[in-house]
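> Here it is, the structure in full.
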Amino acid sequence: MSLPKTEALAPSRISASAVAAAAWHSLFWLVVANAIGVLISLLLLFPSLNRLLGEWTYGRWIMVHMNLELFGWSSLPMAGFLFKVYGADREQLAQWCRPVLWVWSAALAVGSLSWLSGHSSGKLFLDWTGYARVVFPLAMIALWGLLAISFRRGWNRAAKRSLASRCAKIVGLVLLLAVPFAIYIASSPNLYPPVNPSTGGPTGASQLESSLMVVAILLLLPFGLTQRKAARSVRIRASWILLAAEGLLCLGLGRADISHHRPAQFLSLGSLLLWLPLTPAYYAAFAWRPETRLWRNAFLCWWSALLVTGWVLFLPGILDHFKFTDGLVGHSLLAMAGFVSSLLIFVMVQLLGEDGWIFNRARSFYAWNLAVVGYVVLMSVAGWREGFDPTFTIVPGVAREVLYVLRFAVGSAMLASSLDWLVDATTLLREPAVSKSSTQEAAA
Ligand code: HEM
Ligand code: HEM
C-alpha cells in the first residue's frame with residue numbers, strides 16, 4: 001500500500017494522517033479478529049471442522065481472537081489519541097508515528113503465531129510467553145519513547161499551557177511506562193497461577209473498582225479531545241466529586257471472600273447507576289465536532305445498557321444462575337463490542353475531524369450496532385437455558401443449533417461492517433484529497 005508522504009501535507013493533514021494510520025491499524029486487527037470470531041462460531045456449531053485444522057483448533061484460535069480484539073482493535077485508537085495529546089502527530093516527529101504503529105502490529109503478529117503454535121501462559125489477556133512476551137512490551141516502550149520525546153520537544157512551545165496540564169501529562173507518562181513492565185511480569189505463570197485460588201471471586205468492591213477505572217477514563221478523555229463549554233462547569237465538578245466519593249466507598253467495602261448476597265455489596269455497586277444521567281450531562285458540557293453525534297449517542301446508550309445489565313448480573317440469584325454460562329459471553333460482548341467499540345469510534349471521529357465520515361455510513365453503523373444487540377440477546381438466552389441445564393451448549397439440540405446459527409449470522413454482519421470501515425480507512429490513507437470530497441456523500 002503506498003502511503004502519502006507526511007512532508008507534503010499541511011499541518012492539519014499531517015495530524016489527521018497520523019491518527020488515520022492508527023485507525024487503519026486498529027481496523028485491520030478488528031477485521032482479522034472478527035474473521036476469527038466467525039470461524040470459531042462455526043467451530044462451535046460443527047466441532048468436526050476442527051479436524052481439518054490440524055493443531056490450529058478452537059482452543060488456539062480463541063486466544064488469538066480475544067487478544068487481537070483487546071490489544072489490536074481496542075488499543076490502537078488510544079495510540080492515535082496519545083499521539084494527539086502529546087503532540088507526536090505534529091511537525092518532524094509525525095513521520096515516526098507510522099513506524100511505531102507497524103512495530104505494534106508486528107508484535108501482535110508474533111503473539112498470534114506463538115498462540116497458534118500452542119504457547120500460552122494460560123492467563124486470560126496475559127498469555128504472552130517466549131519471544132512474544134518480550135516483543136509486545138518493547139512495542140509499547142517504542143510508543144512511550146515517541147510520546148516522551150514529543151512531550152520534551154513541546155515543553156517550550158507549551159509555555160502558555162497550564163501547570164495542571166503539564167503535570168497531568170507527566171503523571172500520564174509515568175503510568176504508561178509501568179504498563180509494559182506490568183504486562184511482562186504478570187504474564188509469568190510463576191507469579192500467580194492462571195486459576196488463582198487466593199482470590200475469592202467477584203465482590204462488590206472488585207466490580208466497583210474496575211468499573212470506576214472505566215468511569216475515570218470516561219471523565220479524562222474529553223480533556224484530550226476538545227474544550228469545555230464555559231457555562232457547564234458545575235456538572236464537570238459534580239462528576240469528579242462523585243467519582244472521589246465512590247472511590248472512598250470502594251475502600252470501605254469488604255474484599256476477598258465476601259459474598260455478593262450481602263446487601264452492602266450489591267447496593268454499593270448500585271451507586272454506579274448515578275452515572276446514568278451524569279455521563280451524558282458531563283459529555284454535554286464539552287464542545288464536540290458535529291460528525292461525532294451518531295457514535296456519541298451510540299456509546300452513551302451502550303454505557304447505560306452496560307451499567308444497568310452489569311448491575312443486574314451481579315444481583316443474588318442472577319449471578320448464581322449465569323455464572324460460567326454464555327450469559328457472561330453476552331456481557332463481555334455488550335461491554336467490548338458495544339460500549340468500548342462505540343467509544344473508540346467516537347474518539348476516532350473526533351480526532352479525524354472531517355475524515356471521520358468513514359465511520360458515519362448509515363449501513364455499517366446500523367449493521368454493527370443491531371448485530372451486537374442481536375449477539376447479546378442470543379447469548380443471554382443461551383446463558384439462561386444453560387443456567388438450568390449445563391449440558392445445553394455442549395450437547396447438540398435444536399434450540400442450541402438455532403441460537404448458534406443466528407450468532408454466526410450476526411457475527412458475519414459485524415465482520416462486514418468492520419470490512420466496510422477498513423476499506424474506507426485504506427482510501428483515506430491512499431488519497432487524503434478524495435476523503436474530503438467524500439465527506440459530503442457520507443450518510444449521517
Ligand atoms: C464478528 C463478530 C464476532 C464473533 C462471531 C465472535 C465470536 C466469539 C466466540 C464464538 C467466542 C467464544 C464464546 C465461548 O466461549 O463460547 C467469543 C469470545 C469472546 N469475544 Fe468474540 N466474536 C466477535 C466479535 C468480538 C468483538 C468485536 C470483541 C471485542 C471488541 C470480542 C471479544 C470477545 C471476548 C472478550 C470473548 C471472551 C468472552 C468470555 O469468555 O466471556 N468478540 N467471541
Ligand atoms: C468496559 C466495561 C466492562 C468490561 C470490558 C467488562 C468485561 C467483563 C468480562 C470480560 C467479564 C468476565 C466474563 C466471563 O467470565 O466470561 C465480566 C464479568 C462481570 N462483569 Fe463486567 N465488564 C465491564 C463493565 C461492567 C460493569 C459496569 C458491571 C456492573 C455494573 C459489570 C459487572 C460484571 C459482573 C457481575 C461480572 C461477573 C463476574 C463473575 O462472576 O465472574 N461489568 N465483565
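Residue numbering restarts at 1 for every chain of the C-alpha cells, chains are lettered A, B, ... in their displayed order, and ligands are numbered from 1 as they appear.
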Give the residues close to ligand 2, within 6 Å, counting only C-alpha atoms and all ligand atoms; write them as an mmCIF file with N, CA, C and O atoms, in the first residue's frame.

data_model
loop_
_atom_site.group_PDB
_atom_site.id
_atom_site.type_symbol
_atom_site.label_atom_id
_atom_site.label_comp_id
_atom_site.auth_asym_id
_atom_site.auth_seq_id
_atom_site.Cartn_x
_atom_site.Cartn_y
_atom_site.Cartn_z
ATOM 1 N N PRO A 202 -15.748 -12.577 42.384
ATOM 2 C CA PRO A 202 -16.122 -11.170 42.266
ATOM 3 C C PRO A 202 -16.789 -10.659 43.539
ATOM 4 O O PRO A 202 -17.617 -11.346 44.128
ATOM 5 N N SER A 211 -14.959 -0.888 37.522
ATOM 6 C CA SER A 211 -15.891 -0.004 36.810
ATOM 7 C C SER A 211 -15.495 1.463 37.017
ATOM 8 O O SER A 211 -15.635 2.275 36.098
ATOM 9 N N LEU A 306 -24.896 -1.085 29.704
ATOM 10 C CA LEU A 306 -23.881 -1.851 30.443
ATOM 11 C C LEU A 306 -24.044 -1.659 31.953
ATOM 12 O O LEU A 306 -23.965 -2.621 32.728
ATOM 13 N N LEU A 307 -24.291 -0.404 32.359
ATOM 14 C CA LEU A 307 -24.440 -0.130 33.796
ATOM 15 C C LEU A 307 -25.627 -0.897 34.376
ATOM 16 O O LEU A 307 -25.517 -1.541 35.421
ATOM 17 N N GLY A 310 -25.103 -4.818 33.861
ATOM 18 C CA GLY A 310 -23.960 -5.275 34.656
ATOM 19 C C GLY A 310 -24.344 -5.368 36.125
ATOM 20 O O GLY A 310 -23.994 -6.325 36.816
ATOM 21 N N TRP A 311 -25.138 -4.387 36.598
ATOM 22 C CA TRP A 311 -25.550 -4.404 37.998
ATOM 23 C C TRP A 311 -26.537 -5.545 38.255
ATOM 24 O O TRP A 311 -26.413 -6.288 39.219
ATOM 25 N N LEU A 313 -26.732 -8.258 36.643
ATOM 26 C CA LEU A 313 -25.984 -9.512 36.556
ATOM 27 C C LEU A 313 -25.354 -9.890 37.899
ATOM 28 O O LEU A 313 -25.220 -11.067 38.235
ATOM 29 N N PHE A 314 -24.992 -8.874 38.699
ATOM 30 C CA PHE A 314 -24.298 -9.108 39.968
ATOM 31 C C PHE A 314 -25.267 -9.519 41.086
ATOM 32 O O PHE A 314 -24.839 -10.059 42.121
ATOM 33 N N LYS A 323 -23.471 -17.698 36.114
ATOM 34 C CA LYS A 323 -22.035 -17.960 36.278
ATOM 35 C C LYS A 323 -21.580 -19.074 35.318
ATOM 36 O O LYS A 323 -22.234 -20.106 35.207
ATOM 37 N N LEU A 328 -22.390 -14.729 30.322
ATOM 38 C CA LEU A 328 -21.218 -13.864 30.547
ATOM 39 C C LEU A 328 -20.518 -13.526 29.232
ATOM 40 O O LEU A 328 -19.906 -12.473 29.101
ATOM 41 N N VAL A 329 -20.629 -14.433 28.239
ATOM 42 C CA VAL A 329 -20.091 -14.101 26.906
ATOM 43 C C VAL A 329 -20.895 -12.911 26.369
ATOM 44 O O VAL A 329 -20.341 -11.960 25.804
ATOM 45 N N SER A 332 -19.687 -9.776 28.099
ATOM 46 C CA SER A 332 -18.384 -9.349 27.557
ATOM 47 C C SER A 332 -18.568 -8.642 26.217
ATOM 48 O O SER A 332 -17.927 -7.627 25.939
ATOM 49 N N ALA A 335 -20.085 -5.217 26.651
ATOM 50 C CA ALA A 335 -19.079 -4.278 27.160
ATOM 51 C C ALA A 335 -18.081 -3.903 26.059
ATOM 52 O O ALA A 335 -17.797 -2.726 25.841
ATOM 53 N N MET A 336 -17.546 -4.917 25.342
ATOM 54 C CA MET A 336 -16.433 -4.634 24.427
ATOM 55 C C MET A 336 -16.874 -4.267 23.012
ATOM 56 O O MET A 336 -16.400 -3.288 22.447
ATOM 57 N N VAL A 340 -17.216 -0.361 24.508
ATOM 58 C CA VAL A 340 -15.825 0.054 24.235
ATOM 59 C C VAL A 340 -15.653 0.409 22.750
ATOM 60 O O VAL A 340 -15.068 1.446 22.407
#
> Per DSSP on the backbone, filter range 86-278 of chain A down to the residues in helix (DSSP H, G or I) and report them as a VMD selection string.
chain A and resid 86 91 to 116 130 to 160 163 to 186 204 to 225 230 to 252 263 to 278
> Just want the 7 Å neighbourhood of Leu278 in chain A, counted on only C-alpha atoms, with same-chain residues fewer than 4 positions away dropped. Output as a list in words.
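My reading of the contact set: Ser239, Leu274 and Tyr282 of chain A.
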> Could those selected residues go to a file with all heavy atoms, as a JSON list (two decimals), in the first residue's frame?

[["chain", "number", "residue", "atom", "x", "y", "z"],
["A", 239, "SER", "N", -19.29, 15.61, 38.74],
["A", 239, "SER", "CA", -18.89, 14.26, 38.31],
["A", 239, "SER", "C", -17.61, 13.81, 39.01],
["A", 239, "SER", "O", -17.50, 12.67, 39.46],
["A", 239, "SER", "CB", -18.67, 14.23, 36.80],
["A", 239, "SER", "OG", -19.84, 14.63, 36.15],
["A", 274, "LEU", "N", -25.82, 6.06, 39.31],
["A", 274, "LEU", "CA", -25.85, 7.53, 39.28],
["A", 274, "LEU", "C", -25.22, 8.07, 37.99],
["A", 274, "LEU", "O", -25.48, 9.20, 37.59],
["A", 274, "LEU", "CB", -25.10, 8.09, 40.50],
["A", 274, "LEU", "CG", -25.78, 7.86, 41.85],
["A", 274, "LEU", "CD1", -24.84, 8.21, 42.99],
["A", 274, "LEU", "CD2", -27.06, 8.70, 41.93],
["A", 282, "TYR", "N", -22.27, 15.18, 31.57],
["A", 282, "TYR", "CA", -20.85, 15.53, 31.55],
["A", 282, "TYR", "C", -20.38, 15.76, 30.11],
["A", 282, "TYR", "O", -19.72, 16.75, 29.80],
["A", 282, "TYR", "CB", -20.06, 14.39, 32.20],
["A", 282, "TYR", "CG", -18.59, 14.63, 32.37],
["A", 282, "TYR", "CD1", -18.10, 15.29, 33.49],
["A", 282, "TYR", "CD2", -17.67, 14.17, 31.42],
["A", 282, "TYR", "CE1", -16.74, 15.50, 33.66],
["A", 282, "TYR", "CE2", -16.31, 14.37, 31.59],
["A", 282, "TYR", "CZ", -15.85, 15.03, 32.72],
["A", 282, "TYR", "OH", -14.50, 15.24, 32.88]]
> I'd like the contact shell of range 175-187 of chain A - 9 Å cut-off, only C-alpha atoms, skipping same-chain residues fewer than 2 positions apart - returned as a VMD selection string.
chain A and resid 121 to 123 125 to 129 133 to 134 136 to 141 144 170 to 173 189 to 192
> Select, from A:Leu101, A:Ile149, A:Ala20, A:Ala109, the residue with the minimum atom-to-atom distance to Gln350 in chain A, counting only C-alpha atoms.
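Between A:Leu101, A:Ile149, A:Ala20, A:Ala109, the residue approaching Gln350 in chain A most closely is A:Ala20.
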> With only C-alpha atoms and all ligand atoms counted, collect every polymer residue having an atom within 6 Å of ligand 1; state the result as a list in words.
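Answer in the requested format: Asn34, Gly37, Val38, Ile40, Ser41, Met66, Glu69, Leu328, Val329, Ser332, Leu333, Met336, Ala337, Phe408, Gly411, Ser412, Met414 and Leu415 of chain A.
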> Just to be explicit: take each residue in the selection above, keep C-alpha atoms, and write the result as a PDB file, in the first residue's frame.

ATOM      1  CA  ASN A  34     -13.767 -10.667  13.705  1.00  0.00           C
ATOM      2  CA  GLY A  37     -14.670 -14.821  15.669  1.00  0.00           C
ATOM      3  CA  VAL A  38     -16.801 -16.002  12.744  1.00  0.00           C
ATOM      4  CA  ILE A  40     -14.756 -20.061  15.982  1.00  0.00           C
ATOM      5  CA  SER A  41     -18.532 -19.561  15.960  1.00  0.00           C
ATOM      6  CA  MET A  66      -9.621 -12.245  22.294  1.00  0.00           C
ATOM      7  CA  GLU A  69      -9.791  -7.621  19.889  1.00  0.00           C
ATOM      8  CA  LEU A 328     -21.218 -13.864  30.547  1.00  0.00           C
ATOM      9  CA  VAL A 329     -20.091 -14.101  26.906  1.00  0.00           C
ATOM     10  CA  SER A 332     -18.384  -9.349  27.557  1.00  0.00           C
ATOM     11  CA  LEU A 333     -19.692  -8.614  24.055  1.00  0.00           C
ATOM     12  CA  MET A 336     -16.433  -4.634  24.427  1.00  0.00           C
ATOM     13  CA  ALA A 337     -18.185  -4.775  21.053  1.00  0.00           C
ATOM     14  CA  PHE A 408     -22.874 -16.902  13.069  1.00  0.00           C
ATOM     15  CA  GLY A 411     -21.159 -12.173  13.586  1.00  0.00           C
ATOM     16  CA  SER A 412     -20.959 -12.096   9.776  1.00  0.00           C
ATOM     17  CA  MET A 414     -20.264  -7.376  12.292  1.00  0.00           C
ATOM     18  CA  LEU A 415     -17.430  -8.649  10.112  1.00  0.00           C
TER      19      LEU A 415
END
